[in-house]
Amino acid sequence: MLLLCVSLLLAGFGSGGTYHFGFKPSRQGELPSINEEGFKELLQKHGAVFLGDTKQKELFLTFDNGYENGFTPKILDVLKEKRVPAAFFVTGQYIQDQPELLQRMAAEGHLIGNHSWHHPDMTTLGAAKIKEELERVKEEVLAMTPQLTMSYLRPPRGIFNERALAEARKLGYTSVFWSVAYKDWDVNDQKGAAYAYTRVMSQLHPGAVILLHSVSRDNAEALGRIIDDARGQGYTFKSLDELRVRTY
């Protein structure tokens, strides 16, 4: 079974109750699942999500923005042209380096989510440090943009345990994982827009939470075609604020 993680292709869980998020991808119309990964009940217990309503042909587009590689403006241009909402999960480095892009994201109706300040393995941190990592991102984003709150967290590197999920929820966050993704984060291993298009479209399914990395040239170049052809298949793009989970 193929397990897909943000940073590694590896088993769905590690020792000591620490997990790397992985899932069985959608293939030929079947729904993705986390039934065999060992953390399904844990995500449900703490209100974490990795997909929406699988009875509805709706998609949730999310981007991880650890740093800027010159492609986010083009991504925002496409989203504006196509009238598609997205969520951008940002780190402290991104906040400090790209205040104008943050302001544009919020002004154009996108959600800005929390990806932590330093992008650490949150399972190695105590409660006070987790709070510091998340609150600093929230405070900076709310201070420099018109966004009024921050409700969504993407755990750095897709690594989590029960304590990290519980602390995040205590701080008011919904931890958001994903049900469509591919190895797109390596800027030295880009394979072209056609490859990105195929990798995303082959995994589409009702209720999909799509994870893309904004550092990828391939994603920026393929995004418009992905949106058009997903809509051609009857899908609609929605904000994370509209996500309603039925079942895992």
# chains A, B, ... in the order shown; residues from 1 in each chain; ligands from 1
>>> residues_around(residues="Thr72 of chain A", least_positions_apart="5", cutoff="8 Å", atoms="only C-alpha atoms", output="JSON, numbers by chain")
{"A": [101, 214, 215, 220]}
>>> closest_residue(among="A:Gly92, A:Arg225, A:Leu79, A:Phe23", to="Asn35 of chain A", atoms="only C-alpha atoms")
A:Phe23
>>> residues_around(residues="Ala208 of chain A", least_positions_apart="2", cutoff="6 Å", atoms="only C-alpha atoms", output="list in words")
Leu51, Leu59, Ser179, His205, Pro206 and Ile210 of chain A
>>> select_by_dssp(residues="segment 15-243 of chain A", states="strand (DSSP E)", output="ChimeraX atom specification")
/A:19-20,58-65,86-90,111-114,152-153,159-160,174-175,208-213,236-237
>>> residues_around(residues="Arg244 of chain A", least_positions_apart="2", cutoff="9 Å", atoms="only C-alpha atoms", output="PyMOL selection string")
chain A and resi 51-53+207+240-242+246
>>> write_last_selection(atoms="all heavy atoms", output="mmCIF file, in the first residue's frame")
data_model
loop_
_atom_site.group_PDB
_atom_site.id
_atom_site.type_symbol
_atom_site.label_atom_id
_atom_site.label_comp_id
_atom_site.auth_asym_id
_atom_site.auth_seq_id
_atom_site.Cartn_x
_atom_site.Cartn_y
_atom_site.Cartn_z
ATOM 1 N N LEU A 51 -9.912 15.047 5.072
ATOM 2 C CA LEU A 51 -10.806 15.164 3.928
ATOM 3 C C LEU A 51 -12.158 15.675 4.406
ATOM 4 O O LEU A 51 -12.442 15.688 5.596
ATOM 5 C CB LEU A 51 -10.947 13.834 3.183
ATOM 6 C CG LEU A 51 -11.882 12.736 3.697
ATOM 7 C CD1 LEU A 51 -11.889 11.578 2.708
ATOM 8 C CD2 LEU A 51 -11.491 12.243 5.054
ATOM 9 N N GLY A 52 -12.965 16.116 3.435
ATOM 10 C CA GLY A 52 -14.282 16.638 3.759
ATOM 11 C C GLY A 52 -15.368 15.613 3.504
ATOM 12 O O GLY A 52 -15.157 14.412 3.658
ATOM 13 N N ASP A 53 -16.515 16.097 3.098
ATOM 14 C CA ASP A 53 -17.678 15.247 2.860
ATOM 15 C C ASP A 53 -17.475 14.456 1.570
ATOM 16 O O ASP A 53 -17.500 15.011 0.474
ATOM 17 C CB ASP A 53 -18.925 16.129 2.767
ATOM 18 C CG ASP A 53 -20.212 15.325 2.680
ATOM 19 O OD1 ASP A 53 -20.153 14.103 2.418
ATOM 20 O OD2 ASP A 53 -21.285 15.927 2.870
ATOM 21 N N GLY A 207 -14.689 15.483 -1.710
ATOM 22 C CA GLY A 207 -14.249 15.892 -0.386
ATOM 23 C C GLY A 207 -12.748 16.015 -0.224
ATOM 24 O O GLY A 207 -12.248 16.090 0.904
ATOM 25 N N LEU A 240 -11.932 26.175 3.423
ATOM 26 C CA LEU A 240 -11.890 25.288 4.583
ATOM 27 C C LEU A 240 -12.992 25.611 5.580
ATOM 28 O O LEU A 240 -13.438 24.734 6.323
ATOM 29 C CB LEU A 240 -10.529 25.381 5.285
ATOM 30 C CG LEU A 240 -9.351 24.642 4.647
ATOM 31 C CD1 LEU A 240 -8.105 24.826 5.507
ATOM 32 C CD2 LEU A 240 -9.649 23.161 4.454
ATOM 33 N N ASP A 241 -13.437 26.855 5.616
ATOM 34 C CA ASP A 241 -14.529 27.216 6.515
ATOM 35 C C ASP A 241 -15.831 26.497 6.167
ATOM 36 O O ASP A 241 -16.752 26.439 6.982
ATOM 37 C CB ASP A 241 -14.773 28.730 6.474
ATOM 38 C CG ASP A 241 -13.764 29.499 7.300
ATOM 39 O OD1 ASP A 241 -13.083 28.895 8.142
ATOM 40 O OD2 ASP A 241 -13.666 30.731 7.100
ATOM 41 N N GLU A 242 -15.906 25.933 4.952
ATOM 42 C CA GLU A 242 -17.091 25.211 4.519
ATOM 43 C C GLU A 242 -16.930 23.695 4.636
ATOM 44 O O GLU A 242 -17.846 22.958 4.269
ATOM 45 C CB GLU A 242 -17.410 25.563 3.067
ATOM 46 C CG GLU A 242 -17.666 27.036 2.825
ATOM 47 C CD GLU A 242 -17.835 27.359 1.355
ATOM 48 O OE1 GLU A 242 -16.820 27.562 0.673
ATOM 49 O OE2 GLU A 242 -18.992 27.399 0.890
ATOM 50 N N ARG A 246 -17.916 13.999 7.160
ATOM 51 C CA ARG A 246 -18.953 12.972 7.397
ATOM 52 C C ARG A 246 -18.333 11.755 8.093
ATOM 53 O O ARG A 246 -18.767 11.319 9.121
ATOM 54 C CB ARG A 246 -19.591 12.541 6.079
ATOM 55 C CG ARG A 246 -20.524 13.589 5.474
ATOM 56 C CD ARG A 246 -21.024 13.132 4.112
ATOM 57 N NE ARG A 246 -21.745 11.870 4.193
ATOM 58 C CZ ARG A 246 -23.058 11.784 4.349
ATOM 59 N NH1 ARG A 246 -23.780 12.864 4.475
ATOM 60 N NH2 ARG A 246 -23.652 10.601 4.385
#
>>> residues_around(residues="Gly234 of chain A", least_positions_apart="5", cutoff="9 Å", atoms="only C-alpha atoms", output="list of chain:residue names")
A:Lys57, A:Glu58, A:Asp229
>>> write_last_selection(atoms="N, CA and C atoms", output="CSV table (one decimal), in the first residue's frame")
chain,number,residue,atom,x,y,z
A,57,LYS,N,-19.1,16.5,-4.4
A,57,LYS,CA,-18.0,16.7,-5.3
A,57,LYS,C,-17.5,18.1,-5.1
A,58,GLU,N,-16.8,18.2,-3.9
A,58,GLU,CA,-16.2,19.5,-3.5
A,58,GLU,C,-14.7,19.3,-3.2
A,229,ASP,N,-10.2,21.7,-15.3
A,229,ASP,CA,-10.6,20.3,-15.6
A,229,ASP,C,-11.3,19.6,-14.4
>>> closest_residue(among="A:Val200, A:Ala106, A:Ile227, A:Leu165", to="Val49 of chain A", atoms="only C-alpha atoms")
A:Leu165
>>> select_by_dssp(residues="segment 175-222 of chain A", states="helix (DSSP H, G or I)", output="ChimeraX atom specification")
/A:193-201,217-222
>>> write_last_selection(atoms="C-alpha atoms", output="PDB file, in the first residue's frame")
ATOM      1  CA  ALA A 193       3.401  21.114 -15.468  1.00  0.00           C
ATOM      2  CA  ALA A 194       2.039  18.014 -17.193  1.00  0.00           C
ATOM      3  CA  TYR A 195       3.459  15.817 -14.441  1.00  0.00           C
ATOM      4  CA  ALA A 196       1.937  17.982 -11.696  1.00  0.00           C
ATOM      5  CA  TYR A 197      -1.407  17.991 -13.480  1.00  0.00           C
ATOM      6  CA  THR A 198      -1.450  14.201 -13.823  1.00  0.00           C
ATOM      7  CA  ARG A 199      -0.374  13.568 -10.235  1.00  0.00           C
ATOM      8  CA  VAL A 200      -3.164  15.775  -8.850  1.00  0.00           C
ATOM      9  CA  MET A 201      -5.942  14.821 -11.240  1.00  0.00           C
ATOM     10  CA  ARG A 217       7.131  25.791 -10.494  1.00  0.00           C
ATOM     11  CA  ASP A 218       5.186  22.791 -11.754  1.00  0.00           C
ATOM     12  CA  ASN A 219       2.250  23.551  -9.460  1.00  0.00           C
ATOM     13  CA  ALA A 220       2.124  27.201 -10.487  1.00  0.00           C
ATOM     14  CA  GLU A 221       2.102  26.293 -14.165  1.00  0.00           C
ATOM     15  CA  ALA A 222      -0.434  23.461 -13.829  1.00  0.00           C
TER      16      ALA A 222
END
>>> residues_around(residues="Met144 of chain A", least_positions_apart="3", cutoff="10 Å", atoms="only C-alpha atoms", output="number ranges by chain")
A: 95, 99-100, 102-103, 106, 139-141, 147
>>> residues_around(residues="Gly113 of chain A", least_positions_apart="3", cutoff="7 Å", atoms="only C-alpha atoms", output="ChimeraX atom specification")
/A:87-90,150-153
>>> atom_distance(atom1="atom CA of Val209 of chain A", atom2="atom CA of Thr174 of chain A")
13.6 Å
>>> atom_distance(atom1="atom CA of Gly109 of chain A", atom2="atom CA of Pro85 of chain A")
6.8 Å
>>> atom_distance(atom1="atom CA of Glu132 of chain A", atom2="atom CA of Gly172 of chain A")
13.8 Å
